[in-house]
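Structure below is query34.cif: mmCIF, C-alpha atoms.
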data_my_file
loop_
_atom_site.label_atom_id
_atom_site.label_comp_id
_atom_site.auth_asym_id
_atom_site.auth_seq_id
_atom_site.Cartn_x
_atom_site.Cartn_y
_atom_site.Cartn_z
CA MET A 514 -24.95 5.50 -11.10
CA PHE A 515 -23.05 8.54 -12.26
CA VAL A 516 -19.75 9.28 -13.92
CA GLY A 517 -17.63 12.16 -12.72
CA VAL A 518 -14.67 13.41 -14.69
CA GLN A 519 -12.03 15.59 -13.12
CA LEU A 520 -8.70 16.82 -14.40
CA PRO A 521 -5.89 16.14 -11.93
CA GLU A 522 -5.79 19.74 -10.72
CA LYS A 523 -3.56 20.45 -7.77
CA ASN A 524 -5.17 21.14 -4.43
CA GLU A 525 -4.22 24.74 -3.79
CA THR A 526 -5.57 25.04 -0.28
CA SER A 527 -3.50 27.07 2.12
CA GLU A 528 -3.45 24.22 4.65
CA LYS A 529 -0.29 22.15 4.07
CA ILE A 530 -1.59 19.08 5.96
CA ILE A 531 -4.64 18.82 3.69
CA GLN A 532 -2.50 19.49 0.63
CA GLU A 533 -0.17 16.61 1.57
CA LYS A 534 -3.00 14.15 2.26
CA TYR A 535 -5.07 15.19 -0.77
CA PRO A 536 -2.66 16.61 -3.38
CA THR A 537 -5.26 16.82 -6.16
CA ILE A 538 -8.94 17.67 -6.53
CA PRO A 539 -9.73 14.03 -7.53
CA ASP A 540 -8.14 12.89 -4.24
CA ILE A 541 -10.56 15.16 -2.36
CA ALA A 542 -13.51 13.89 -4.42
CA ARG A 543 -12.66 10.23 -3.72
CA GLU A 544 -12.41 10.93 0.01
CA ARG A 545 -15.74 12.79 0.04
CA ILE A 546 -17.49 9.95 -1.81
CA HIS A 547 -15.97 7.41 0.58
CA ARG A 548 -17.19 9.40 3.61
CA VAL A 549 -20.71 9.71 2.20
CA ILE A 550 -20.86 5.94 1.62
CA GLU A 551 -19.72 5.25 5.19
CA LYS A 552 -22.30 7.69 6.54
CA ILE A 553 -25.11 6.07 4.54
CA LYS A 554 -24.04 2.63 5.78
CA GLY A 555 -24.24 3.98 9.34
CA TYR A 556 -27.93 4.83 9.11
CA SER A 557 -29.69 2.18 11.17
CA SER A 558 -33.02 2.86 9.45
CA LEU A 559 -31.74 1.48 6.14
CA ASP A 560 -32.02 -2.18 5.27
CA ILE A 561 -28.59 -3.80 4.76
CA THR A 562 -29.57 -4.80 1.20
CA GLN A 563 -30.08 -1.12 0.35
CA THR A 564 -26.50 -0.30 1.34
CA SER A 565 -24.74 -3.46 0.15
CA ASN A 566 -24.24 -2.13 -3.39
CA LEU A 567 -22.70 1.14 -2.32
CA GLY A 568 -19.27 1.82 -3.68
CA PHE A 569 -17.36 3.53 -6.42
CA LYS A 570 -14.54 2.96 -8.84
CA SER A 571 -11.91 5.52 -9.67
CA PHE A 572 -9.91 5.44 -12.87
CA HIS A 573 -6.95 7.42 -14.11
CA LEU A 574 -6.55 8.05 -17.82
CA SER A 575 -3.18 6.64 -18.77
CA PRO A 576 -1.35 5.15 -21.73
CA SER A 577 -2.16 1.61 -22.80
CA ASN A 578 -0.74 -1.34 -20.85
CA PHE A 579 -0.04 -3.06 -24.15
CA LYS A 580 2.73 -2.44 -26.65
CA GLN A 581 1.73 -0.87 -29.95
CA TRP A 582 3.10 -2.47 -33.10
CA ARG A 583 4.93 0.03 -35.25
CA GLY A 584 5.26 -1.34 -38.77
CA ASP A 585 6.27 1.92 -40.36
CA GLY A 586 9.98 2.47 -40.72
CA ILE A 587 10.85 -1.22 -40.88
CA ASP A 588 12.96 -1.57 -43.99
CA THR A 589 15.24 -4.52 -43.35
CA PRO A 590 14.82 -8.07 -42.05
CA GLU A 591 17.01 -7.12 -39.08
CA GLU A 592 14.69 -4.25 -38.12
CA LEU A 593 11.72 -6.59 -38.42
CA ALA A 594 13.42 -9.18 -36.22
CA GLU A 595 14.22 -6.50 -33.64
CA GLN A 596 10.59 -5.31 -33.64
CA MET A 597 9.34 -8.89 -33.28
CA ASN A 598 11.69 -9.52 -30.34
CA MET A 599 10.19 -6.51 -28.59
CA PHE A 600 6.77 -8.17 -28.87
CA ILE A 601 7.57 -11.48 -27.18
CA LYS A 602 5.20 -10.14 -24.51
CA SER A 603 2.25 -8.03 -25.63
CA GLU A 604 1.94 -6.23 -22.31
CA LYS A 605 4.36 -3.55 -21.21
CA ASP A 606 6.85 -4.35 -18.46
CA GLY A 607 5.35 -3.54 -15.08
CA ALA A 608 1.76 -3.48 -16.36
CA ASP A 609 -0.71 -4.00 -13.52
CA VAL A 610 -3.14 -6.91 -13.88
CA ASP A 611 -6.16 -4.86 -12.76
CA ASP A 612 -5.28 -2.08 -15.20
CA MET A 613 -4.95 -4.60 -18.04
CA LEU A 614 -8.29 -6.15 -17.07
CA TYR A 615 -10.19 -2.86 -17.29
CA GLU A 616 -8.46 -1.92 -20.52
CA LEU A 617 -9.43 -5.27 -22.04
CA LEU A 618 -13.00 -4.90 -20.76
CA LEU A 619 -13.27 -1.66 -22.71
CA LYS A 620 -11.62 -3.16 -25.80
CA TYR A 621 -14.11 -6.05 -25.70
CA GLY A 622 -17.12 -3.73 -25.46
CA GLN A 623 -17.85 -4.08 -21.76
CA GLU A 624 -18.71 -1.18 -19.48
CA LEU A 625 -16.48 -0.07 -16.63
CA THR A 626 -19.39 -0.85 -14.30
CA THR A 627 -19.52 -4.48 -15.46
CA PRO A 628 -19.50 -6.74 -12.40
CA ILE A 629 -16.26 -8.71 -12.21
CA LYS A 630 -16.00 -11.95 -10.31
CA THR A 631 -12.55 -13.19 -9.36
CA LEU A 632 -12.31 -16.97 -9.50
CA ASN A 633 -9.60 -19.16 -8.02
CA VAL A 634 -8.93 -21.78 -10.67
CA ASP A 635 -6.34 -24.28 -9.51
CA GLY A 636 -4.47 -21.61 -7.57
CA ALA A 637 -4.58 -18.91 -10.25
CA ARG A 638 -6.84 -15.86 -10.47
CA VAL A 639 -9.23 -15.79 -13.41
CA PHE A 640 -11.60 -12.88 -13.96
CA ALA A 641 -15.17 -13.60 -15.02
CA VAL A 642 -17.73 -11.18 -16.45
CA ARG A 643 -21.22 -11.53 -17.91
CA GLU A 644 -22.17 -14.38 -15.56
CA GLN A 645 -18.94 -16.25 -16.35
CA LYS A 646 -19.58 -16.18 -20.10
CA MET A 647 -16.37 -14.20 -20.64
CA LEU A 648 -13.19 -15.21 -18.82
CA PHE A 649 -9.90 -13.32 -18.65
CA VAL A 650 -6.71 -15.27 -17.88
CA LEU A 651 -4.05 -12.64 -17.22
CA GLU A 652 -1.60 -14.13 -14.74
CA ASN A 653 -0.98 -17.83 -15.22
CA ILE A 654 -2.32 -20.97 -16.85
CA SER A 655 -1.50 -24.62 -16.39
CA GLU A 656 -2.63 -27.91 -17.87
CA PRO A 657 -4.95 -28.74 -14.92
CA MET A 658 -6.73 -25.38 -15.34
CA ILE A 659 -7.98 -26.19 -18.83
CA ASP A 660 -10.69 -28.66 -17.80
CA THR A 661 -11.78 -26.42 -14.91
CA LEU A 662 -12.08 -23.38 -17.17
CA LEU A 663 -14.02 -25.26 -19.82
CA ALA A 664 -16.32 -26.77 -17.17
CA LEU A 665 -17.49 -23.20 -16.46
CA LYS A 666 -18.97 -23.25 -19.99
CA PRO A 667 -17.85 -19.77 -21.05
CA ASP A 668 -18.60 -18.36 -24.48
CA GLU A 669 -15.17 -16.75 -24.68
CA ILE A 670 -11.76 -16.93 -23.00
CA ILE A 671 -9.22 -14.15 -23.42
CA ALA A 672 -5.66 -14.88 -22.31
CA LEU A 673 -2.35 -13.10 -22.46
CA ASP A 674 0.25 -14.96 -24.51
CA SER A 675 2.70 -14.59 -21.61
CA VAL A 676 0.56 -16.78 -19.31
CA PHE A 677 1.64 -19.79 -21.40
CA HIS A 678 5.31 -19.18 -20.47
CA ASP A 679 6.57 -19.91 -24.00
CA SER A 680 4.88 -23.32 -24.04
CA ASP A 681 3.49 -23.65 -27.56
CA GLU A 682 2.29 -27.14 -26.64
CA LEU A 683 0.14 -25.81 -23.77
CA LYS A 684 -1.23 -22.96 -25.88
CA THR A 685 -2.06 -25.25 -28.80
CA ASN A 686 -3.69 -27.80 -26.50
CA PHE A 687 -5.74 -25.05 -24.86
CA ASP A 688 -6.80 -23.66 -28.23
CA LEU A 689 -7.85 -27.11 -29.52
CA GLN A 690 -9.81 -27.94 -26.37
CA CYS A 691 -11.58 -24.57 -26.58
CA ARG A 692 -12.53 -25.31 -30.20
CA ASP A 693 -13.85 -28.74 -29.23
CA ALA A 694 -15.97 -27.11 -26.51
CA SER A 695 -17.18 -24.34 -28.90
CA VAL A 696 -15.46 -21.68 -26.81
CA LYS A 697 -13.96 -18.71 -28.60
CA PHE A 698 -10.32 -18.38 -27.54
CA THR A 699 -8.37 -15.16 -28.03
CA CYS A 700 -4.69 -14.96 -27.24
CA ILE A 701 -3.28 -11.45 -26.84
#

Encoded form (structure tokens):
Amino acid sequence: MFVGVQLPEKNETSEKIIQEKYPTIPDIARERIHRVIEKIKGYSSLDITQTSNLGFKSFHLSPSNFKQWRGDGIDTPEELAEQMNMFIKSEKDGADVDDMLYELLLKYGQELTTPIKTLNVDGARVFAVREQKMLFVLENISEPMIDTLLALKPDEIIALDSVFHDSDELKTNFDLQCRDASVKFTCI
């Protein structure tokens, strides 16, 4: 494993076709890595198990997918109410689920290379790490999912508040069932 860091420098080659297909140096690097992996997989002398773990992840440094609470400058109850209304959802509008997942992995002390398993739990995607000991519910939750999630016997479940669709009853029920099962529940 290795980590490469590259600033998004523009590709300044004189060939316009290459510049259009690979506008930045990181674009070129990703393509080169992809080609090397495909070439290694093509070697017939290698056992398939030696090449099955080949791959790479590419990340772009960007602002957080979550809103940041700004308590400074709030002087009146009206300003506080306005700020609270902005935080009905903790995630920013248009935030990508995969981007939120990796950001939360980092915030919860996991490495970017942590294996992630995507589970289908009653029709909704749930992301599992650390051999299903940590579950991330980032898209949807329903009453039937609760028993299925708890049957996985995780140590911790992290969910976005928005997945409860303003149902305090569902969120409270989920929290209580997690407590009964000795599962740490964090709602973001």

Please build the interface table for region 666-701 of chain A against region 613-616 of chain A with a cut-off of 12 Å, listing for each qualifying residue the nearest atom pair and the distance in Å to one decimal; count all atoms listed in the file, order rows by chain and increasing number, and write it as JSON lines.
{"residue": "A:Ile671", "atom": "CA", "partner": "A:Leu614", "partner_atom": "CA", "distance": 10.3}
{"residue": "A:Ala672", "atom": "CA", "partner": "A:Leu614", "partner_atom": "CA", "distance": 10.5}
{"residue": "A:Leu673", "atom": "CA", "partner": "A:Met613", "partner_atom": "CA", "distance": 9.9}
{"residue": "A:Ile701", "atom": "CA", "partner": "A:Met613", "partner_atom": "CA", "distance": 11.3}

Please write the residues from the selection above to a file, keeping C-alpha atoms, as a PDB file, in the coordinates of the input.
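part_0.pdb, written as the output of this step:
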ATOM      1  CA  ILE A 671      -9.220 -14.150 -23.420  1.00  0.00           C
ATOM      2  CA  ALA A 672      -5.660 -14.880 -22.310  1.00  0.00           C
ATOM      3  CA  LEU A 673      -2.350 -13.100 -22.460  1.00  0.00           C
ATOM      4  CA  ILE A 701      -3.280 -11.450 -26.840  1.00  0.00           C
TER       5      ILE A 701
END

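Residues in contact with region 567-575 of chain A at 9 Å, where only C-alpha atoms are counted and same-chain residues fewer than 6 positions away are skipped, are listed as Arg543, Ile546, His547, Ile550, Ile553, Lys554, Leu625 and Thr626 of chain A.
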
Apply the PyMOL selection byres ((chain A and resi 618) around 12) to the displayed file and report the matching residues as a PyMOL selection string. chain A and resi 611-617+619-629+640-643+647-649+671

Would you list the contacts of Asn686 (chain A) as a ChimeraX atom specification, taking every protein, DNA or RNA residue within 12 Å and counting only C-alpha atoms, but skipping same-chain residues closer than 2 positions in sequence? /A:654-660,677,680-684,688-693,698

Could you save the residues just selected, with C-alpha atoms, as a compact mmCIF listing (two decimals), in the frame of the given file?
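For reference, selection_36.txt as written:
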# COMPACT_ATOMS: atom_id res chain seq x y z
CA ILE A 654 -2.32 -20.97 -16.85
CA SER A 655 -1.50 -24.62 -16.39
CA GLU A 656 -2.63 -27.91 -17.87
CA PRO A 657 -4.95 -28.74 -14.92
CA MET A 658 -6.73 -25.38 -15.34
CA ILE A 659 -7.98 -26.19 -18.83
CA ASP A 660 -10.69 -28.66 -17.80
CA PHE A 677 1.64 -19.79 -21.40
CA SER A 680 4.88 -23.32 -24.04
CA ASP A 681 3.49 -23.65 -27.56
CA GLU A 682 2.29 -27.14 -26.64
CA LEU A 683 0.14 -25.81 -23.77
CA LYS A 684 -1.23 -22.96 -25.88
CA ASP A 688 -6.80 -23.66 -28.23
CA LEU A 689 -7.85 -27.11 -29.52
CA GLN A 690 -9.81 -27.94 -26.37
CA CYS A 691 -11.58 -24.57 -26.58
CA ARG A 692 -12.53 -25.31 -30.20
CA ASP A 693 -13.85 -28.74 -29.23
CA PHE A 698 -10.32 -18.38 -27.54

Could you check how far CA of Arg583 (chain A) sits from CA of Asp674 (chain A), in Å to one decimal? 19.0 Å

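Closest approach to Val676 (chain A) among A:Asp540, A:Asp609, A:Asp588, A:Glu604: A:Glu604, based on only C-alpha atoms.
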
Which is closest to Gly517 (chain A) among A:Val696, A:Ala542, A:Met597, A:Leu632, if we use all atoms listed in the file? A:Ala542

For a test of reading the model, state the distance in Å between CA of Lys666 (chain A) and CA of Ala608 (chain A), rounded to one decimal. 28.9 Å

Among the residues A:Val639, A:Glu533, A:Glu551, A:Ser577, the one that comes closest to Gly607 (chain A) [using only C-alpha atoms]: A:Ser577

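Going from CA of Lys602 (chain A) to CA of Ser675 (chain A) covers 5.9 Å.
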
Since I can't run it myself right now, could you work out what the PyMOL selection byres ((chain A and resi 522) around 7) selects here and report it as JSON, numbers by chain? {"A": [520, 521, 523, 524, 537, 538]}

May I have the centre and edge lengths, in Å to one decimal, of an axis-aligned box around the listed atoms of region 656-672 of chain A with 4 Å added to every side, as lines of an AutoDock Vina configuration file?
center_x = -10.8
center_y = -21.4
center_z = -19.8
size_x = 24.3
size_y = 22.6
size_z = 17.8

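Counting only C-alpha atoms, the residue from A:Ala664, A:Leu593, A:Lys697, A:Ser603 that sits nearest to Gln581 (chain A) is A:Ser603.
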